[in-house]
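S.K.: Enclosed is the structure file data16.cif (mmCIF, C-alpha atoms).
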data_data
loop_
_atom_site.group_PDB
_atom_site.id
_atom_site.type_symbol
_atom_site.label_atom_id
_atom_site.label_comp_id
_atom_site.auth_asym_id
_atom_site.auth_seq_id
_atom_site.Cartn_x
_atom_site.Cartn_y
_atom_site.Cartn_z
ATOM 1 C CA MET L 1 16.636 3.793 30.003
ATOM 2 C CA LEU L 2 17.566 0.337 31.197
ATOM 3 C CA CYS L 3 20.960 -0.899 30.001
ATOM 4 C CA ILE L 4 21.382 -4.674 30.038
ATOM 5 C CA HIS L 5 24.669 -6.464 29.417
ATOM 6 C CA ASN L 6 23.195 -9.893 28.800
ATOM 7 C CA THR L 7 25.915 -12.536 29.211
ATOM 8 C CA HIS L 8 23.748 -15.519 28.204
ATOM 9 C CA THR L 9 24.918 -17.001 24.894
ATOM 10 C CA ASP L 10 22.055 -19.364 24.033
ATOM 11 C CA ALA L 11 20.199 -18.052 20.958
ATOM 12 C CA TRP L 12 16.829 -19.410 22.113
ATOM 13 C CA PHE L 13 17.183 -17.745 25.509
ATOM 14 C CA ASN L 14 18.273 -14.427 24.052
ATOM 15 C CA LEU L 15 15.443 -14.268 21.515
ATOM 16 C CA ALA L 16 13.018 -15.097 24.316
ATOM 17 C CA ALA L 17 14.599 -12.318 26.404
ATOM 18 C CA GLU L 18 13.934 -9.786 23.658
ATOM 19 C CA GLU L 19 10.272 -10.748 23.391
ATOM 20 C CA TYR L 20 9.889 -10.778 27.161
ATOM 21 C CA LEU L 21 11.373 -7.289 27.507
ATOM 22 C CA LEU L 22 9.261 -5.976 24.638
ATOM 23 C CA LYS L 23 5.997 -7.237 26.112
ATOM 24 C CA ASN L 24 6.523 -6.875 29.861
ATOM 25 C CA PHE L 25 8.456 -3.634 30.442
ATOM 26 C CA SER L 26 7.512 -0.002 29.918
ATOM 27 C CA GLU L 27 10.987 1.585 30.005
ATOM 28 C CA ASP L 28 13.281 2.242 27.053
ATOM 29 C CA ILE L 29 15.853 -0.559 26.912
ATOM 30 C CA PHE L 30 19.270 -1.127 25.385
ATOM 31 C CA MET L 31 20.565 -4.719 25.543
ATOM 32 C CA LEU L 32 23.929 -6.006 24.329
ATOM 33 C CA TRP L 33 24.396 -9.740 23.830
ATOM 34 C CA GLN L 34 26.182 -12.511 21.922
ATOM 35 C CA ASN L 35 25.270 -16.001 20.780
ATOM 36 C CA GLU L 36 27.189 -19.199 20.402
ATOM 37 C CA PRO L 37 26.997 -20.387 16.749
ATOM 38 C CA ALA L 38 23.434 -20.074 15.438
ATOM 39 C CA VAL L 39 21.499 -19.282 12.293
ATOM 40 C CA VAL L 40 18.717 -16.846 13.164
ATOM 41 C CA ILE L 41 16.001 -16.398 10.554
ATOM 42 C CA GLY L 42 13.175 -13.884 10.321
ATOM 43 C CA LYS L 43 9.655 -14.679 11.460
ATOM 44 C CA TYR L 44 8.334 -15.063 7.915
ATOM 45 C CA GLN L 45 11.178 -17.042 6.386
ATOM 46 C CA ASN L 46 11.572 -20.602 5.109
ATOM 47 C CA ILE L 47 14.404 -22.199 7.055
ATOM 48 C CA TRP L 48 15.216 -24.667 4.267
ATOM 49 C CA ALA L 49 15.717 -21.763 1.841
ATOM 50 C CA GLU L 50 17.988 -19.871 4.252
ATOM 51 C CA ALA L 51 20.251 -22.421 5.928
ATOM 52 C CA ASP L 52 22.196 -25.524 4.968
ATOM 53 C CA LEU L 53 20.663 -27.748 7.623
ATOM 54 C CA GLU L 54 23.043 -30.649 7.022
ATOM 55 C CA TYR L 55 26.079 -28.412 7.474
ATOM 56 C CA ALA L 56 24.510 -26.763 10.530
ATOM 57 C CA GLY L 57 24.024 -30.191 12.086
ATOM 58 C CA GLN L 58 27.611 -31.216 11.373
ATOM 59 C CA LYS L 59 28.960 -28.016 12.922
ATOM 60 C CA GLN L 60 26.485 -28.006 15.843
ATOM 61 C CA ILE L 61 25.083 -24.652 14.745
ATOM 62 C CA LYS L 62 21.780 -23.904 16.447
ATOM 63 C CA LEU L 63 18.736 -23.028 14.345
ATOM 64 C CA ALA L 64 16.458 -20.265 15.585
ATOM 65 C CA ARG L 65 13.518 -18.130 14.406
ATOM 66 C CA ARG L 66 13.103 -14.657 15.854
ATOM 67 C CA TYR L 67 10.039 -12.567 16.690
ATOM 68 C CA SER L 68 10.794 -9.912 14.053
ATOM 69 C CA GLY L 69 10.840 -10.095 10.260
ATOM 70 C CA GLY L 70 13.873 -9.535 8.058
ATOM 71 C CA GLY L 71 16.474 -11.913 6.698
ATOM 72 C CA ALA L 72 18.689 -14.729 7.910
ATOM 73 C CA VAL L 73 21.900 -14.015 9.832
ATOM 74 C CA TYR L 74 24.696 -16.097 11.303
ATOM 75 C CA HIS L 75 25.737 -15.454 14.904
ATOM 76 C CA ASP L 76 28.838 -16.591 16.726
ATOM 77 C CA MET L 77 30.880 -15.124 19.560
ATOM 78 C CA GLY L 78 32.572 -12.763 17.100
ATOM 79 C CA ASN L 79 29.229 -11.070 16.401
ATOM 80 C CA LEU L 80 27.577 -8.491 18.662
ATOM 81 C CA ASN L 81 23.822 -8.019 18.944
ATOM 82 C CA LEU L 82 22.246 -4.703 19.919
ATOM 83 C CA SER L 83 18.581 -4.551 20.949
ATOM 84 C CA PHE L 84 16.725 -1.256 21.322
ATOM 85 C CA ILE L 85 13.195 -1.197 22.750
ATOM 86 C CA GLU L 86 11.104 1.916 23.212
ATOM 87 C CA ASN L 87 7.511 3.062 23.467
ATOM 88 C CA SER L 88 6.271 3.726 19.951
ATOM 89 C CA SER L 89 3.393 2.655 17.739
ATOM 90 C CA GLN L 90 5.467 3.045 14.550
ATOM 91 C CA ILE L 91 8.551 1.401 13.100
ATOM 92 C CA ARG L 92 11.249 4.086 13.278
ATOM 93 C CA PRO L 93 14.610 2.402 12.701
ATOM 94 C CA THR L 94 16.561 5.328 11.233
ATOM 95 C CA GLY L 95 17.455 6.882 14.583
ATOM 96 C CA PHE L 96 18.889 3.623 15.895
ATOM 97 C CA THR L 97 20.850 3.043 12.691
ATOM 98 C CA ASN L 98 22.291 6.556 12.826
ATOM 99 C CA SER L 99 23.294 6.095 16.456
ATOM 100 C CA ILE L 100 25.312 2.988 15.506
ATOM 101 C CA ILE L 101 26.929 4.919 12.651
ATOM 102 C CA ASP L 102 27.842 7.668 15.120
ATOM 103 C CA PHE L 103 29.335 5.116 17.519
ATOM 104 C CA LEU L 104 31.480 3.597 14.764
ATOM 105 C CA GLU L 105 32.742 7.083 13.917
ATOM 106 C CA THR L 106 34.340 7.220 17.371
ATOM 107 C CA TYR L 107 36.632 4.438 16.118
ATOM 108 C CA GLY L 108 37.315 6.153 12.814
ATOM 109 C CA LEU L 109 34.969 3.786 10.943
ATOM 110 C CA HIS L 110 32.775 5.384 8.294
ATOM 111 C CA ALA L 111 29.659 3.266 7.766
ATOM 112 C CA CYS L 112 26.766 3.867 5.372
ATOM 113 C CA SER L 113 23.168 2.682 5.756
ATOM 114 C CA ASP L 114 21.097 1.049 3.027
ATOM 115 C CA GLU L 115 17.348 0.976 2.390
ATOM 116 C CA ARG L 116 16.902 -1.956 4.814
ATOM 117 C CA GLN L 117 18.847 -0.185 7.597
ATOM 118 C CA GLY L 118 21.842 -2.447 7.119
ATOM 119 C CA LEU L 119 25.329 -0.950 7.430
ATOM 120 C CA THR L 120 28.270 -1.229 5.052
ATOM 121 C CA ILE L 121 31.894 -0.160 5.112
ATOM 122 C CA ASP L 122 33.678 0.106 1.765
ATOM 123 C CA GLY L 123 30.679 -1.592 0.162
ATOM 124 C CA LEU L 124 30.807 -4.637 2.462
ATOM 125 C CA LYS L 125 28.069 -5.343 4.989
ATOM 126 C CA ILE L 126 28.937 -5.264 8.681
ATOM 127 C CA SER L 127 25.431 -5.011 10.167
ATOM 128 C CA GLY L 128 21.881 -6.126 9.485
ATOM 129 C CA SER L 129 18.744 -5.100 11.350
ATOM 130 C CA ALA L 130 15.094 -6.003 11.858
ATOM 131 C CA GLN L 131 12.114 -4.563 13.714
ATOM 132 C CA ALA L 132 8.892 -5.613 15.409
ATOM 133 C CA ILE L 133 5.940 -3.869 17.042
ATOM 134 C CA HIS L 134 3.875 -5.134 19.962
ATOM 135 C CA LYS L 135 0.984 -2.877 20.910
ATOM 136 C CA ARG L 136 2.732 0.449 21.555
ATOM 137 C CA ARG L 137 6.240 -0.957 21.964
ATOM 138 C CA MET L 138 8.886 -1.166 19.238
ATOM 139 C CA LEU L 139 11.886 -3.502 19.016
ATOM 140 C CA HIS L 140 14.845 -2.710 16.765
ATOM 141 C CA HIS L 141 17.778 -5.079 16.793
ATOM 142 C CA ALA L 142 21.027 -5.027 14.835
ATOM 143 C CA THR L 143 24.102 -7.174 14.412
ATOM 144 C CA LEU L 144 27.720 -6.032 14.281
ATOM 145 C CA LEU L 145 30.225 -8.386 12.679
ATOM 146 C CA PHE L 146 33.398 -7.891 14.701
ATOM 147 C CA SER L 147 35.431 -11.082 14.253
ATOM 148 C CA THR L 148 32.894 -13.636 13.003
ATOM 149 C CA ASP L 149 34.005 -16.802 11.193
ATOM 150 C CA LEU L 150 33.060 -15.595 7.706
ATOM 151 C CA GLU L 151 33.815 -18.946 6.066
ATOM 152 C CA THR L 152 31.246 -20.659 8.268
ATOM 153 C CA LEU L 153 28.805 -17.787 7.724
ATOM 154 C CA GLU L 154 29.117 -18.140 3.947
ATOM 155 C CA HIS L 155 28.671 -21.912 4.044
ATOM 156 C CA VAL L 156 25.758 -22.192 6.453
ATOM 157 C CA LEU L 157 23.698 -19.376 4.891
ATOM 158 C CA ARG L 158 23.007 -21.433 1.778
ATOM 159 C CA PRO L 159 19.802 -23.252 0.852
ATOM 160 C CA SER L 160 19.399 -26.825 2.058
ATOM 161 C CA THR L 161 19.218 -29.725 -0.359
ATOM 162 C CA GLU L 162 15.545 -30.131 0.605
ATOM 163 C CA TYR L 163 14.844 -26.650 -0.764
ATOM 164 C CA THR L 164 16.924 -26.851 -3.942
ATOM 165 C CA THR L 165 15.340 -30.196 -4.860
ATOM 166 C CA GLY L 166 11.797 -29.105 -3.965
ATOM 167 C CA HIS L 167 11.379 -31.578 -1.089
ATOM 168 C CA ASP L 168 10.777 -29.054 1.704
ATOM 169 C CA THR L 169 7.137 -30.045 2.012
ATOM 170 C CA ALA L 170 6.683 -28.168 5.303
ATOM 171 C CA ALA L 171 7.636 -24.822 3.726
ATOM 172 C CA ARG L 172 5.121 -22.023 3.575
ATOM 173 C CA PRO L 173 3.680 -21.262 0.124
ATOM 174 C CA TYR L 174 4.900 -17.672 0.652
ATOM 175 C CA PHE L 175 7.996 -16.606 2.534
ATOM 176 C CA VAL L 176 10.392 -13.680 2.694
ATOM 177 C CA PRO L 177 13.764 -14.480 1.100
ATOM 178 C CA SER L 178 16.991 -12.939 2.379
ATOM 179 C CA VAL L 179 18.847 -10.369 0.300
ATOM 180 C CA LYS L 180 22.412 -11.640 0.058
ATOM 181 C CA SER L 181 25.298 -9.199 0.462
ATOM 182 C CA PRO L 182 29.089 -9.582 0.696
ATOM 183 C CA VAL L 183 30.211 -9.099 4.290
ATOM 184 C CA THR L 184 33.286 -8.199 6.288
ATOM 185 C CA ASN L 185 34.395 -7.901 9.916
ATOM 186 C CA LEU L 186 34.969 -4.666 11.778
ATOM 187 C CA TYR L 187 38.192 -5.974 13.310
ATOM 188 C CA GLY L 188 40.101 -5.711 10.046
ATOM 189 C CA LYS L 189 38.842 -2.166 9.476
ATOM 190 C CA LEU L 190 39.907 -0.715 12.823
ATOM 191 C CA PRO L 191 42.840 1.713 12.769
ATOM 192 C CA ALA L 192 44.310 -0.059 15.816
ATOM 193 C CA PRO L 193 43.732 -3.565 17.241
ATOM 194 C CA ILE L 194 41.192 -3.937 20.039
ATOM 195 C CA THR L 195 39.592 -6.927 21.727
ATOM 196 C CA ILE L 196 35.903 -7.629 21.345
ATOM 197 C CA ASP L 197 35.488 -7.214 25.113
ATOM 198 C CA LYS L 198 36.916 -3.676 24.949
ATOM 199 C CA PHE L 199 34.657 -2.942 21.991
ATOM 200 C CA LYS L 200 31.639 -4.176 23.982
ATOM 201 C CA GLN L 201 32.577 -1.932 26.904
ATOM 202 C CA SER L 202 32.701 1.008 24.518
ATOM 203 C CA LEU L 203 29.251 0.154 23.144
ATOM 204 C CA LEU L 204 27.765 -0.030 26.618
ATOM 205 C CA ALA L 205 29.367 3.240 27.667
ATOM 206 C CA TYR L 206 28.320 5.035 24.485
ATOM 207 C CA PHE L 207 24.657 4.076 24.565
ATOM 208 C CA SER L 208 24.427 4.535 28.330
ATOM 209 C CA ALA L 209 25.719 8.105 27.985
ATOM 210 C CA ARG L 210 22.986 8.935 25.449
ATOM 211 C CA SER L 211 20.279 8.672 28.120
ATOM 212 C CA THR L 212 19.770 10.952 31.110
ATOM 213 C CA THR L 213 17.693 8.223 32.792
ATOM 214 C CA PHE L 214 20.252 5.452 32.268
ATOM 215 C CA ARG L 215 20.536 2.679 34.822
ATOM 216 C CA LEU L 216 22.122 -0.747 34.664
ATOM 217 C CA TYR L 217 19.655 -3.610 34.929
ATOM 218 C CA GLU L 218 20.231 -7.280 35.669
ATOM 219 C CA PHE L 219 17.614 -9.959 35.127
ATOM 220 C CA THR L 220 15.858 -10.887 38.356
ATOM 221 C CA ASP L 221 15.084 -14.476 39.306
ATOM 222 C CA GLN L 222 11.508 -13.847 38.163
ATOM 223 C CA ASP L 223 12.731 -12.477 34.826
ATOM 224 C CA LEU L 224 14.928 -15.524 34.283
ATOM 225 C CA GLU L 225 12.100 -17.887 35.117
ATOM 226 C CA GLU L 226 9.760 -16.188 32.633
ATOM 227 C CA ILE L 227 12.393 -16.002 29.901
ATOM 228 C CA ARG L 228 13.324 -19.673 30.280
ATOM 229 C CA LEU L 229 9.669 -20.640 30.148
ATOM 230 C CA LEU L 230 9.238 -18.701 26.885
ATOM 231 C CA ARG L 231 12.478 -20.178 25.565
ATOM 232 C CA ASN L 232 11.373 -23.740 26.190
ATOM 233 C CA LYS L 233 7.745 -23.366 25.110
ATOM 234 C CA LYS L 234 8.418 -21.313 21.968
ATOM 235 C CA TYR L 235 11.937 -20.639 20.777
ATOM 236 C CA ALA L 236 13.332 -24.128 21.382
ATOM 237 C CA ASP L 237 10.201 -25.732 19.909
ATOM 238 C CA GLU L 238 10.777 -27.271 16.475
ATOM 239 C CA ASN L 239 7.230 -26.291 15.486
ATOM 240 C CA TRP L 240 8.287 -22.643 15.837
ATOM 241 C CA ILE L 241 11.750 -23.066 14.338
ATOM 242 C CA PHE L 242 10.597 -25.025 11.283
ATOM 243 C CA ASN L 243 7.254 -23.209 10.976
ATOM 244 C CA THR L 244 5.126 -26.344 10.885
ATOM 245 C CA TYR L 245 2.184 -24.403 12.247
ATOM 246 C CA THR L 246 0.809 -20.973 11.352
ATOM 247 C CA LEU L 247 2.853 -18.128 12.827
#
What do you get writing this file as structure tokens?

M.R.:
Amino acid sequence: MLCIHNTHTDAWFNLAAEEYLLKNFSEDIFMLWQNEPAVVIGKYQNIWAEADLEYAGQKQIKLARRYSGGGAVYHDMGNLNLSFIENSSQIRPTGFTNSIIDFLETYGLHACSDERQGLTIDGLKISGSAQAIHKRRMLHHATLLFSTDLETLEHVLRPSTEYTTGHDTAARPYFVPSVKSPVTNLYGKLPAPITIDKFKQSLLAYFSARSTTFRLYEFTDQDLEEIRLLRNKKYADENWIFNTYTL
């Protein structure tokens, strides 16, 4: 298994990195990453229905559409993103969800999964997930709210005026709406204070130890070139973000 601590914080780059790894590698992969403020919506969603675009513009929150389905999420540097990629022709998210639950148990945190493979603690959501399949490769990714700005999250994940007034003329006739849930941060649930960097180190160590073929991997110059090309041609393209052409 390749273990990647991806230190890039641009949402468009990181979503491109996931797709690149899914389509161009054959090994199992675990990647840990963070984004600067961004709303990331699912492949089949209506961005006007999921994000307050005016507020996002005021706060310089990036808008992004990912390769997988699922609902809208807010990322900032207080949120951790875990990507798991393996060879499989079926969506099998339960094992990944259970492994995150097991990791949280090492900190004395007792999380429960729901029917969408999200995670809650004391009835409050701390993680969402989504999946995608490409040929015989599966991608499962999950968030972990550690110390996210929940006020900004609550505000930006509201419909835009264009949607509530029926003026989002570029919207698809059918789209997948998000299922809203009350959320909380892990930081306030921990039995003892810890920095997000220490928590990240624990995540990397835990998932590395689960594989007998583990090895650290850093993007090569060729990888970076390919990822940036995909970022610029697809993920940074407003046609992709706003879905003004058929997905």

S.K.: With all atoms listed in the file as the atoms that count, which of L:Cys112, L:Ser68, L:Ala130, L:Thr7 lies nearest to L:Arg92?

M.R.: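 Of the candidates, the smallest distance to L:Arg92 is held by L:Ala130.
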
S.K.: What's the 6 Å shell around L:Ile61, counting all atoms listed in the file, without same-chain residues fewer than 5 positions away, as a ChimeraX atom specification?

M.R.: /L:37-38,56

S.K.: Any chance you could export the current selection's C-alpha atoms as an mmCIF file, in the frame of the given file?

M.R.:
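After the write, out_25.cif holds the following:
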data_model
loop_
_atom_site.group_PDB
_atom_site.id
_atom_site.type_symbol
_atom_site.label_atom_id
_atom_site.label_comp_id
_atom_site.auth_asym_id
_atom_site.auth_seq_id
_atom_site.Cartn_x
_atom_site.Cartn_y
_atom_site.Cartn_z
ATOM 1 C CA PRO L 37 26.997 -20.387 16.749
ATOM 2 C CA ALA L 38 23.434 -20.074 15.438
ATOM 3 C CA ALA L 56 24.510 -26.763 10.530
#

S.K.: I'd like to see the residues matched by the PyMOL selection byres ((chain L and resi 118) around 12) on this file, and ideally I'd get them as a compact mmCIF listing (two decimals) with C-alpha atoms, in the frame of the given file.

M.R.:
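Output below, filename out_26.txt:
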# COMPACT_ATOMS: atom_id res chain seq x y z
CA GLY L 70 13.87 -9.54 8.06
CA GLY L 71 16.47 -11.91 6.70
CA VAL L 73 21.90 -14.02 9.83
CA PRO L 93 14.61 2.40 12.70
CA THR L 94 16.56 5.33 11.23
CA PHE L 96 18.89 3.62 15.90
CA THR L 97 20.85 3.04 12.69
CA ASN L 98 22.29 6.56 12.83
CA ILE L 100 25.31 2.99 15.51
CA ILE L 101 26.93 4.92 12.65
CA ALA L 111 29.66 3.27 7.77
CA CYS L 112 26.77 3.87 5.37
CA SER L 113 23.17 2.68 5.76
CA ASP L 114 21.10 1.05 3.03
CA GLU L 115 17.35 0.98 2.39
CA ARG L 116 16.90 -1.96 4.81
CA GLN L 117 18.85 -0.18 7.60
CA LEU L 119 25.33 -0.95 7.43
CA THR L 120 28.27 -1.23 5.05
CA ILE L 121 31.89 -0.16 5.11
CA GLY L 123 30.68 -1.59 0.16
CA LEU L 124 30.81 -4.64 2.46
CA LYS L 125 28.07 -5.34 4.99
CA ILE L 126 28.94 -5.26 8.68
CA SER L 127 25.43 -5.01 10.17
CA GLY L 128 21.88 -6.13 9.48
CA SER L 129 18.74 -5.10 11.35
CA ALA L 130 15.09 -6.00 11.86
CA GLN L 131 12.11 -4.56 13.71
CA HIS L 140 14.84 -2.71 16.76
CA HIS L 141 17.78 -5.08 16.79
CA ALA L 142 21.03 -5.03 14.84
CA THR L 143 24.10 -7.17 14.41
CA LEU L 144 27.72 -6.03 14.28
CA LEU L 145 30.22 -8.39 12.68
CA VAL L 179 18.85 -10.37 0.30
CA LYS L 180 22.41 -11.64 0.06
CA SER L 181 25.30 -9.20 0.46
CA VAL L 183 30.21 -9.10 4.29

S.K.: Write out as a ChimeraX atom specification each polymer residue whose atoms come within 12 Å of L:Phe25, counting all atoms listed in the file; drop sequence neighbours fewer than 5 positions from it.

M.R.: /L:1-2,17-20,85-87,134,136-139,223

S.K.: Please determine, counting all atoms listed in the file, which residue among L:Thr212, L:Ser26, L:Gln34, L:Thr152 has the shortest atom-to-atom distance to L:Leu80.

M.R.: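 Smallest separation from L:Leu80 among the options: L:Gln34.
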
S.K.: Can you turn the PyMOL selection byres ((chain L and resi 64) around 10) into a concrete residue list for this file, as a list in words?

M.R.: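 This file, filtered by the PyMOL selection byres ((chain L and resi 64) around 10), leaves Ala11, Trp12, Leu15, Ala38, Val39, Val40, Ile41, Gly42, Lys43, Ile47, Ile61, Lys62, Leu63, Arg65, Arg66, Ala72, Tyr235, Ala236, Asp237, Glu238, Trp240, Ile241 and Phe242 of chain L.
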
S.K.: Between L:Leu230, L:Leu153, L:Met31, L:Ile4, which one has atoms that come closest to L:Asn79, using only C-alpha atoms?

M.R.: L:Leu153

S.K.: Take atom CA of L:Met77 and atom CA of L:Asn6 and report the distance between them in Å, one decimal.

M.R.: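 According to the coordinates, atom CA of L:Met77 and atom CA of L:Asn6 are separated by 13.1 Å.
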
S.K.: In terms of the shortest atom-to-atom distance over all atoms listed in the file, which of L:Cys3, L:Leu53, L:Ala16, L:Leu21 is closest to L:Arg158?

M.R.: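 Nearest to L:Arg158: L:Leu53.
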
S.K.: For stretch 151-163 of chain L, what centre and edge lengths in Å (one decimal) does the axis-aligned box get once 6 Å is added on each side of all its listed atoms, as JSON?

M.R.:
{"center_x": 24.3, "center_y": -24.0, "center_z": 3.8, "size_x": 31.0, "size_y": 24.3, "size_z": 21.0}

S.K.: When distances are computed from all atoms listed in the file, which of L:Leu22, L:Val156, L:Ile196, L:Leu224 shows the smallest separation from L:His8?

M.R.: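 Ranking L:Leu22, L:Val156, L:Ile196, L:Leu224 by distance to L:His8, first place goes to L:Leu224.
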
S.K.: For the structure provided, state which residues fall under the PyMOL selection byres ((chain L and resi 107) around 10), and present them as a PyMOL selection string.

M.R.: chain L and resi 102-106+108-110+189-192+199+202

S.K.: How many Å lie between atom CA of L:Trp48 and atom CA of L:Tyr67, rounded to one decimal?

M.R.: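 Taking atom CA of L:Trp48 as the start and atom CA of L:Tyr67 as the end point, the length is 18.1 Å.
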